[in-house]
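Trainee: File name work32.cif; file contents mmCIF, C-alpha atoms; full text below.
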data_final
loop_
_atom_site.label_atom_id
_atom_site.label_comp_id
_atom_site.auth_asym_id
_atom_site.auth_seq_id
_atom_site.Cartn_x
_atom_site.Cartn_y
_atom_site.Cartn_z
CA MET Q 23 0.00 0.00 0.00
CA LEU Q 24 2.81 2.39 0.89
CA GLY Q 25 5.16 1.09 -1.73
CA LEU Q 26 7.47 0.26 1.19
CA ASP Q 27 8.34 -3.01 2.86
CA LEU Q 28 6.54 -2.47 6.18
CA SER Q 29 9.00 -4.55 8.19
CA THR Q 30 12.23 -2.82 7.12
CA GLY Q 31 11.16 0.03 4.83
CA VAL Q 32 9.35 2.11 7.44
CA GLY Q 33 12.30 1.97 9.82
CA ASP Q 34 14.65 3.14 7.06
CA VAL Q 35 12.35 6.04 6.20
CA VAL Q 36 12.03 7.05 9.86
CA GLU Q 37 15.85 7.07 10.12
CA LYS Q 38 15.94 9.52 7.19
CA ILE Q 39 13.24 11.65 8.81
CA GLU Q 40 15.22 11.81 12.05
CA LYS Q 41 18.25 13.19 10.17
CA LEU Q 42 16.21 16.15 8.90
CA PRO Q 43 16.16 19.48 10.72
CA ILE Q 44 12.87 19.67 12.62
CA ASP Q 45 11.80 22.90 10.88
CA LEU Q 46 12.31 21.33 7.44
CA PHE Q 47 10.31 18.25 8.44
CA ALA Q 48 7.60 20.59 9.75
CA GLU Q 49 7.42 22.23 6.30
CA ILE Q 50 6.95 18.83 4.66
CA LEU Q 51 4.18 17.93 7.12
CA GLN Q 52 2.48 21.29 6.54
CA SER Q 53 2.57 20.70 2.76
CA ILE Q 54 1.05 17.24 3.20
CA LEU Q 55 -1.70 18.56 5.46
CA VAL Q 56 -2.52 21.36 3.01
CA HIS Q 57 -2.66 18.78 0.20
CA LEU Q 58 -4.97 16.53 2.24
CA GLN Q 59 -7.28 19.48 2.85
CA ASP Q 60 -7.39 19.78 -0.96
CA GLN Q 61 -5.99 23.28 -0.88
CA ASN Q 62 -3.09 22.27 -3.10
CA ARG Q 63 -2.80 19.62 -5.81
CA ALA Q 64 0.13 17.67 -4.35
CA VAL Q 65 3.36 18.00 -2.44
CA ASP Q 66 5.98 19.20 -4.94
CA LEU Q 67 8.72 16.55 -4.84
CA ILE Q 68 11.22 18.50 -6.95
CA GLU Q 69 10.79 21.68 -4.89
CA THR Q 70 11.21 19.68 -1.67
CA CYS Q 71 14.39 18.02 -2.98
CA ASP Q 72 15.75 21.44 -4.00
CA LYS Q 73 15.07 22.78 -0.49
CA PHE Q 74 16.97 19.85 1.00
CA GLN Q 75 19.97 20.44 -1.25
CA ARG Q 76 20.03 24.18 -0.50
CA VAL Q 77 20.48 23.40 3.21
CA GLY Q 78 23.05 20.67 2.55
CA ILE Q 79 20.89 17.56 2.99
CA ASN Q 80 21.66 14.94 0.38
CA LEU Q 81 18.60 12.73 -0.02
CA ASP Q 82 17.71 11.35 -3.42
CA GLN Q 83 14.22 11.79 -4.89
CA LYS Q 84 13.14 8.27 -3.92
CA ALA Q 85 14.08 8.87 -0.26
CA VAL Q 86 12.18 12.18 -0.19
CA GLN Q 87 9.22 10.53 -1.93
CA ASP Q 88 9.25 7.73 0.68
CA VAL Q 89 9.11 10.33 3.49
CA ILE Q 90 6.14 12.04 1.81
CA LYS Q 91 4.38 8.70 1.15
CA LEU Q 92 4.84 7.49 4.73
CA MET Q 93 3.50 10.64 6.35
CA THR Q 94 0.67 11.00 3.81
CA TYR Q 95 -0.35 7.41 4.50
CA TYR Q 96 -0.49 7.94 8.28
CA PHE Q 97 -2.28 11.28 8.01
CA ARG Q 98 -4.86 9.72 5.66
CA LEU Q 99 -5.29 6.76 8.00
CA ALA Q 100 -5.80 9.14 10.91
CA ALA Q 101 -8.28 11.24 8.92
CA LYS Q 102 -10.35 8.30 7.69
CA SER Q 103 -10.50 6.73 11.16
CA ASN Q 104 -10.86 10.12 12.91
CA LEU Q 105 -7.89 9.33 15.16
CA SER Q 106 -6.78 11.70 17.89
CA ALA Q 107 -3.23 13.04 17.88
CA GLU Q 108 -2.36 10.62 20.72
CA VAL Q 109 -3.58 7.58 18.75
CA LEU Q 110 -1.78 8.75 15.60
CA VAL Q 111 1.49 9.06 17.54
CA SER Q 112 0.98 5.58 19.02
CA LYS Q 113 0.41 4.19 15.50
CA LEU Q 114 3.69 5.77 14.41
CA THR Q 115 5.58 4.27 17.33
CA GLU Q 116 4.03 0.86 16.56
CA CYS Q 117 5.47 0.96 13.04
CA SER Q 118 8.97 1.97 14.20
CA SER Q 119 10.82 2.53 17.46
CA LYS Q 120 13.21 4.96 15.76
CA TRP Q 121 11.01 8.07 16.16
CA SER Q 122 12.49 10.77 18.41
CA LYS Q 123 10.37 12.53 21.00
CA PRO Q 124 10.65 15.99 19.31
CA THR Q 125 9.51 14.55 15.97
CA LEU Q 126 6.51 12.83 17.55
CA GLN Q 127 5.65 16.02 19.45
CA LEU Q 128 5.72 17.91 16.14
CA VAL Q 129 3.38 15.38 14.50
CA HIS Q 130 1.11 15.53 17.58
CA ARG Q 131 0.96 19.34 17.49
CA LEU Q 132 0.29 19.58 13.74
CA TRP Q 133 -2.38 16.86 13.82
CA THR Q 134 -4.06 18.58 16.77
CA GLU Q 135 -4.16 21.82 14.74
CA HIS Q 136 -5.16 20.37 11.35
CA GLY Q 137 -6.62 16.91 11.98
CA ALA Q 138 -10.25 18.00 12.22
CA LEU Q 139 -10.06 19.85 8.89
CA VAL Q 140 -8.36 16.92 7.13
CA HIS Q 141 -10.96 14.53 8.59
CA ALA Q 142 -13.82 16.77 7.43
CA HIS Q 143 -12.38 16.91 3.92
CA GLN Q 144 -11.93 13.12 3.81
CA GLU Q 145 -15.57 12.74 4.90
CA VAL Q 146 -16.69 14.99 2.04
CA LEU Q 147 -14.61 12.94 -0.41
CA THR Q 148 -16.09 9.72 0.91
CA MET Q 149 -19.65 11.04 0.65
CA ALA Q 150 -19.10 12.49 -2.79
CA SER Q 151 -16.84 9.66 -3.98
CA ILE Q 152 -16.57 11.34 -7.35
CA GLY Q 153 -13.82 9.99 -9.54
CA GLN Q 154 -11.78 11.86 -12.09
CA LEU Q 155 -11.98 11.01 -15.78
CA VAL Q 156 -8.44 10.15 -16.85
CA ASP Q 157 -9.00 8.85 -20.37
CA MET Q 158 -11.87 8.08 -22.73
CA GLN Q 159 -11.70 5.92 -25.84
CA TRP Q 160 -14.45 5.15 -28.33
CA LYS Q 161 -14.91 3.12 -31.45
CA LEU Q 162 -17.60 2.71 -34.04
CA GLY Q 163 -18.89 -0.81 -34.59
CA MET Q 164 -21.62 -2.74 -36.32
CA ALA Q 165 -24.14 -4.58 -34.13
CA VAL Q 166 -24.47 -8.29 -34.76
CA SER Q 167 -26.58 -8.77 -31.63
CA SER Q 168 -27.43 -6.24 -28.93
CA ASP Q 169 -29.95 -5.45 -26.19
CA THR Q 170 -30.34 -1.81 -27.27
CA CYS Q 171 -30.24 -2.05 -31.07
CA ARG Q 172 -33.49 -3.28 -32.57
CA SER Q 173 -32.13 -4.44 -35.90
CA LEU Q 174 -28.92 -6.20 -36.77
CA ASN Q 175 -26.21 -4.49 -38.76
CA SER Q 176 -26.98 -1.24 -36.92
CA PRO Q 177 -24.00 1.01 -36.13
CA PHE Q 178 -23.15 1.55 -32.45
CA ILE Q 179 -20.53 3.42 -30.44
CA SER Q 180 -18.51 1.57 -27.80
CA VAL Q 181 -17.01 3.80 -25.08
CA LEU Q 182 -14.30 2.89 -22.55
CA MET Q 183 -13.61 5.35 -19.70
CA LYS Q 184 -10.61 5.21 -17.36
CA ILE Q 185 -11.54 6.73 -13.99
CA ALA Q 186 -9.36 7.50 -10.96
CA ASP Q 187 -11.32 7.27 -7.71
CA THR Q 188 -10.63 9.49 -4.71
CA SER Q 189 -7.96 7.13 -3.37
CA GLY Q 190 -6.12 7.15 -6.71
CA ASP Q 191 -7.11 3.63 -7.78
CA MET Q 192 -7.95 3.26 -11.46
CA SER Q 193 -11.10 1.60 -12.75
CA TYR Q 194 -12.62 1.16 -16.19
CA LYS Q 195 -16.23 1.68 -17.22
CA SER Q 196 -17.52 0.66 -20.60
CA PHE Q 197 -20.87 1.07 -22.33
CA GLU Q 198 -22.44 1.05 -25.75
CA MET Q 199 -24.70 3.63 -27.38
CA THR Q 200 -26.74 3.80 -30.52
CA VAL Q 201 -25.74 6.53 -32.99
CA GLN Q 202 -28.69 8.64 -31.79
CA GLN Q 203 -27.64 8.26 -28.14
CA PHE Q 204 -24.08 9.17 -29.08
CA GLN Q 205 -25.26 12.29 -30.93
CA ASN Q 206 -27.19 13.36 -27.81
CA PHE Q 207 -24.10 12.59 -25.67
CA TYR Q 208 -21.99 14.71 -28.05
CA ARG Q 209 -24.45 17.64 -27.89
CA GLN Q 210 -24.35 17.57 -24.08
CA PHE Q 211 -20.53 17.63 -24.07
CA LYS Q 212 -20.60 20.51 -26.57
CA GLU Q 213 -22.96 22.45 -24.27
CA MET Q 214 -20.66 21.81 -21.29
CA ALA Q 215 -17.67 23.03 -23.31
CA SER Q 216 -19.45 26.25 -24.30
CA VAL Q 217 -20.48 26.89 -20.67
CA LEU Q 218 -16.89 26.30 -19.51
CA GLU Q 219 -15.61 28.83 -22.05
CA THR Q 220 -17.74 31.54 -20.40
CA VAL Q 221 -16.35 30.84 -16.93
#
Here is a file; write its structure as structure tokens.
Mentor:
Amino acid sequence: MLGLDLSTGVGDVVEKIEKLPIDLFAEILQSILVHLQDQNRAVDLIETCDKFQRVGINLDQKAVQDVIKLMTYYFRLAAKSNLSAEVLVSKLTECSSKWSKPTLQLVHRLWTEHGALVHAHQEVLTMASIGQLVDMQWKLGMAVSSDTCRSLNSPFISVLMKIADTSGDMSYKSFEMTVQQFQNFYRQFKEMASVLETV
């Protein structure tokens, strides 16, 4: 789930976190919390790596990405389960004994300040559970047998949509339309496009 080996990977990431200056780690956590409140698209990995290099910390992109993934995972877990700051800190110490007291205190303080907002946003996402259209493909075919086409040898449109759900998992939805249904579908998309141009 994290893209890390939970037995050894988390400990290695925590060791890297503990080598960071506390104010720099606080900036990363703030960026993650802002992202989880949907006030920013994502934590900028390149910008974060550049910050590290400017202050003399040599971590490669994968190491920085692992830090961001680990903390995002635990903040999301805490938001979805509505965990208190104390429970979040205990979850962190369960995954690794390498956390220092100042780092855990920082996480506790930031989650106390921002946890309710992140939880509220996660609740909205869960209730809405609206995915994002990533890709759409279509093809024109000739019906040999179909539930919606009355006569054989009727043209139809087959549509395949790739959708990312709120957790980032991809799913595919497919459906078929008659030419008339497709023309109506096209008109609706054209109307949406013209409305968007006025915004």
Trainee: Care to translate the PyMOL selection byres ((chain Q and resi 134) around 12) into actual residues of this file, as a PyMOL selection string?
Mentor: chain Q and resi 55+97+100-101+104-111+127-133+135-141
Trainee: Would you mind listing what lies within 8 Å of range 75-89 of chain Q as a compact mmCIF listing (two decimals) with C-alpha atoms, in the coordinates of the input, with all atoms listed in the file counted and same-chain residues fewer than 2 positions away left out?
Mentor:
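part-v6.txt, written as the output of this step:
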# COMPACT_ATOMS: atom_id res chain seq x y z
CA LEU Q 26 7.47 0.26 1.19
CA VAL Q 35 12.35 6.04 6.20
CA VAL Q 36 12.03 7.05 9.86
CA LYS Q 38 15.94 9.52 7.19
CA ILE Q 39 13.24 11.65 8.81
CA LEU Q 42 16.21 16.15 8.90
CA LEU Q 67 8.72 16.55 -4.84
CA ILE Q 68 11.22 18.50 -6.95
CA THR Q 70 11.21 19.68 -1.67
CA CYS Q 71 14.39 18.02 -2.98
CA ASP Q 72 15.75 21.44 -4.00
CA LYS Q 73 15.07 22.78 -0.49
CA LYS Q 91 4.38 8.70 1.15
CA LEU Q 92 4.84 7.49 4.73
CA MET Q 93 3.50 10.64 6.35
Trainee: List, as a PyMOL selection string, every residue that the PyMOL selection byres ((chain Q and resi 197) around 6) selects in the file provided.
Mentor: chain Q and resi 180-181+196+198
Trainee: With all atoms listed in the file as the basis for distance, which of Q:Arg209, Q:Glu69, Q:Glu37, Q:Met214 is at the shortest distance from Ser118 in chain Q?
Mentor: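 The closest residue to Ser118 in chain Q is Q:Glu37.
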Trainee: Tell me, in Å to one decimal, how far CA of Lys102 in chain Q is from CA of Glu145 in chain Q.
Mentor: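 Taking CA of Lys102 in chain Q as the start and CA of Glu145 in chain Q as the end point, the length is 7.4 Å.
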Trainee: Skipping near chain neighbours, those fewer than 6 positions away, what residues fall within 7 Å of Gln154 in chain Q using all atoms listed in the file, listed as a count of residues only?
Mentor: 3
Trainee: Please indicate the distance in Å from CA of Ser119 in chain Q to CA of Gly33 in chain Q, rounded to one decimal place.
Mentor: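 Pair CA of Ser119 in chain Q / CA of Gly33 in chain Q returns 7.8 Å.
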Trainee: List as an NGL selection string the protein and nucleic acid residues near Asp66 in chain Q, meaning an atom at most 10 Å away when all atoms listed in the file are counted, but skip any in the same chain fewer than 6 places from it.
Mentor: :Q and (50 or 53-54 or 87 or 90)
Trainee: Give me, please, the distance in Å between CA of Leu126 in chain Q and CA of Tyr96 in chain Q, quoted to one decimal.
Mentor: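 Here the two named atoms are 12.6 Å from each other.
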Trainee: Closest to Asp191 in chain Q among Q:Asn206, Q:Ala64, Q:Ala142, Q:Leu155, using all atoms listed in the file?
Mentor: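 Looking at the shortest contact to Asp191 in chain Q, the residue is Q:Leu155.
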Trainee: Box in all listed atoms of range 87-90 of chain Q, axis-aligned, with 5 Å more on each side; write out centre and edge lengths in Å to one decimal as JSON.
Mentor:
{"center_x": 7.7, "center_y": 9.9, "center_z": 0.8, "size_x": 13.1, "size_y": 14.3, "size_z": 15.4}
Trainee: So which residues touch Phe204 in chain Q within 12 Å, counting all atoms listed in the file, skipping near sequence neighbours fewer than 2 positions away, as a compact mmCIF listing (two decimals) with C-alpha atoms, keeping the file's coordinate frame?
Mentor:
# COMPACT_ATOMS: atom_id res chain seq x y z
CA TRP Q 160 -14.45 5.15 -28.33
CA LYS Q 161 -14.91 3.12 -31.45
CA LEU Q 162 -17.60 2.71 -34.04
CA PRO Q 177 -24.00 1.01 -36.13
CA PHE Q 178 -23.15 1.55 -32.45
CA ILE Q 179 -20.53 3.42 -30.44
CA SER Q 180 -18.51 1.57 -27.80
CA VAL Q 181 -17.01 3.80 -25.08
CA PHE Q 197 -20.87 1.07 -22.33
CA GLU Q 198 -22.44 1.05 -25.75
CA MET Q 199 -24.70 3.63 -27.38
CA THR Q 200 -26.74 3.80 -30.52
CA VAL Q 201 -25.74 6.53 -32.99
CA GLN Q 202 -28.69 8.64 -31.79
CA ASN Q 206 -27.19 13.36 -27.81
CA PHE Q 207 -24.10 12.59 -25.67
CA TYR Q 208 -21.99 14.71 -28.05
CA ARG Q 209 -24.45 17.64 -27.89
CA GLN Q 210 -24.35 17.57 -24.08
CA PHE Q 211 -20.53 17.63 -24.07
Trainee: Check the smallest atom-to-atom distance from each of Q:Lys184, Q:His143, Q:His57, Q:Lys41 to Trp121 in chain Q using all atoms listed in the file, then report the winner.
Mentor: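 The answer is Q:Lys41, which sits nearest to Trp121 in chain Q.
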Trainee: Point out the residue among Q:Ile44, Q:Gly31, Q:Leu58, Q:Val217 with the least atom-to-atom distance to Arg98 in chain Q, counting only C-alpha atoms.
Mentor: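 Smallest separation from Arg98 in chain Q among the options: Q:Leu58.
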Trainee: For range 67-91 of chain Q, supply N, CA, C and O atoms and report the output as an mmCIF file, in the frame of the given file.
Mentor:
data_model
loop_
_atom_site.group_PDB
_atom_site.id
_atom_site.type_symbol
_atom_site.label_atom_id
_atom_site.label_comp_id
_atom_site.auth_asym_id
_atom_site.auth_seq_id
_atom_site.Cartn_x
_atom_site.Cartn_y
_atom_site.Cartn_z
ATOM 1 N N LEU Q 67 7.535 17.349 -5.142
ATOM 2 C CA LEU Q 67 8.720 16.550 -4.840
ATOM 3 C C LEU Q 67 10.006 17.271 -5.254
ATOM 4 O O LEU Q 67 10.963 17.318 -4.484
ATOM 5 N N ILE Q 68 10.017 17.836 -6.442
ATOM 6 C CA ILE Q 68 11.220 18.500 -6.950
ATOM 7 C C ILE Q 68 11.571 19.710 -6.081
ATOM 8 O O ILE Q 68 12.727 19.904 -5.701
ATOM 9 N N GLU Q 69 10.559 20.505 -5.743
ATOM 10 C CA GLU Q 69 10.790 21.680 -4.890
ATOM 11 C C GLU Q 69 11.320 21.254 -3.529
ATOM 12 O O GLU Q 69 12.229 21.884 -2.975
ATOM 13 N N THR Q 70 10.764 20.177 -2.974
ATOM 14 C CA THR Q 70 11.210 19.680 -1.670
ATOM 15 C C THR Q 70 12.655 19.211 -1.741
ATOM 16 O O THR Q 70 13.458 19.526 -0.857
ATOM 17 N N CYS Q 71 13.003 18.477 -2.807
ATOM 18 C CA CYS Q 71 14.390 18.020 -2.980
ATOM 19 C C CYS Q 71 15.339 19.209 -3.113
ATOM 20 O O CYS Q 71 16.444 19.203 -2.545
ATOM 21 N N ASP Q 72 14.922 20.233 -3.849
ATOM 22 C CA ASP Q 72 15.750 21.440 -4.000
ATOM 23 C C ASP Q 72 15.979 22.121 -2.647
ATOM 24 O O ASP Q 72 17.094 22.570 -2.352
ATOM 25 N N LYS Q 73 14.928 22.192 -1.828
ATOM 26 C CA LYS Q 73 15.070 22.780 -0.490
ATOM 27 C C LYS Q 73 16.101 22.025 0.321
ATOM 28 O O LYS Q 73 16.928 22.614 1.005
ATOM 29 N N PHE Q 74 16.027 20.688 0.255
ATOM 30 C CA PHE Q 74 16.970 19.850 1.000
ATOM 31 C C PHE Q 74 18.401 20.142 0.556
ATOM 32 O O PHE Q 74 19.289 20.297 1.390
ATOM 33 N N GLN Q 75 18.614 20.220 -0.752
ATOM 34 C CA GLN Q 75 19.970 20.440 -1.250
ATOM 35 C C GLN Q 75 20.486 21.821 -0.886
ATOM 36 O O GLN Q 75 21.675 21.987 -0.607
ATOM 37 N N ARG Q 76 19.603 22.813 -0.863
ATOM 38 C CA ARG Q 76 20.030 24.180 -0.500
ATOM 39 C C ARG Q 76 20.548 24.249 0.936
ATOM 40 O O ARG Q 76 21.396 25.068 1.244
ATOM 41 N N VAL Q 77 20.014 23.389 1.820
ATOM 42 C CA VAL Q 77 20.480 23.400 3.210
ATOM 43 C C VAL Q 77 21.496 22.298 3.477
ATOM 44 O O VAL Q 77 21.840 22.024 4.630
ATOM 45 N N GLY Q 78 21.975 21.644 2.398
ATOM 46 C CA GLY Q 78 23.050 20.670 2.550
ATOM 47 C C GLY Q 78 22.631 19.258 2.909
ATOM 48 O O GLY Q 78 23.449 18.472 3.387
ATOM 49 N N ILE Q 79 21.361 18.917 2.699
ATOM 50 C CA ILE Q 79 20.890 17.560 2.990
ATOM 51 C C ILE Q 79 20.837 16.789 1.678
ATOM 52 O O ILE Q 79 20.150 17.187 0.744
ATOM 53 N N ASN Q 80 21.585 15.719 1.611
ATOM 54 C CA ASN Q 80 21.660 14.940 0.380
ATOM 55 C C ASN Q 80 20.783 13.699 0.478
ATOM 56 O O ASN Q 80 21.229 12.635 0.910
ATOM 57 N N LEU Q 81 19.524 13.860 0.091
ATOM 58 C CA LEU Q 81 18.600 12.730 -0.020
ATOM 59 C C LEU Q 81 18.155 12.667 -1.469
ATOM 60 O O LEU Q 81 17.814 13.694 -2.058
ATOM 61 N N ASP Q 82 18.168 11.470 -2.037
ATOM 62 C CA ASP Q 82 17.710 11.350 -3.420
ATOM 63 C C ASP Q 82 16.187 11.467 -3.482
ATOM 64 O O ASP Q 82 15.506 11.452 -2.459
ATOM 65 N N GLN Q 83 15.663 11.592 -4.713
ATOM 66 C CA GLN Q 83 14.220 11.790 -4.890
ATOM 67 C C GLN Q 83 13.410 10.643 -4.298
ATOM 68 O O GLN Q 83 12.357 10.875 -3.724
ATOM 69 N N LYS Q 84 13.887 9.414 -4.444
ATOM 70 C CA LYS Q 84 13.140 8.270 -3.920
ATOM 71 C C LYS Q 84 13.021 8.354 -2.391
ATOM 72 O O LYS Q 84 11.963 8.102 -1.830
ATOM 73 N N ALA Q 85 14.112 8.751 -1.723
ATOM 74 C CA ALA Q 85 14.080 8.870 -0.260
ATOM 75 C C ALA Q 85 13.099 9.949 0.176
ATOM 76 O O ALA Q 85 12.310 9.747 1.115
ATOM 77 N N VAL Q 86 13.116 11.084 -0.518
ATOM 78 C CA VAL Q 86 12.180 12.180 -0.190
ATOM 79 C C VAL Q 86 10.751 11.727 -0.465
ATOM 80 O O VAL Q 86 9.840 11.972 0.330
ATOM 81 N N GLN Q 87 10.557 11.032 -1.584
ATOM 82 C CA GLN Q 87 9.220 10.530 -1.930
ATOM 83 C C GLN Q 87 8.727 9.533 -0.872
ATOM 84 O O GLN Q 87 7.556 9.550 -0.503
ATOM 85 N N ASP Q 88 9.631 8.692 -0.365
ATOM 86 C CA ASP Q 88 9.250 7.730 0.680
ATOM 87 C C ASP Q 88 8.808 8.448 1.964
ATOM 88 O O ASP Q 88 7.852 8.026 2.614
ATOM 89 N N VAL Q 89 9.496 9.539 2.302
ATOM 90 C CA VAL Q 89 9.110 10.330 3.490
ATOM 91 C C VAL Q 89 7.701 10.881 3.290
ATOM 92 O O VAL Q 89 6.838 10.773 4.176
ATOM 93 N N ILE Q 90 7.461 11.458 2.111
ATOM 94 C CA ILE Q 90 6.140 12.040 1.810
ATOM 95 C C ILE Q 90 5.070 10.958 1.820
ATOM 96 O O ILE Q 90 4.001 11.136 2.400
ATOM 97 N N LYS Q 91 5.352 9.804 1.195
ATOM 98 C CA LYS Q 91 4.380 8.700 1.150
ATOM 99 C C LYS Q 91 4.033 8.200 2.553
ATOM 100 O O LYS Q 91 2.868 7.971 2.864
#
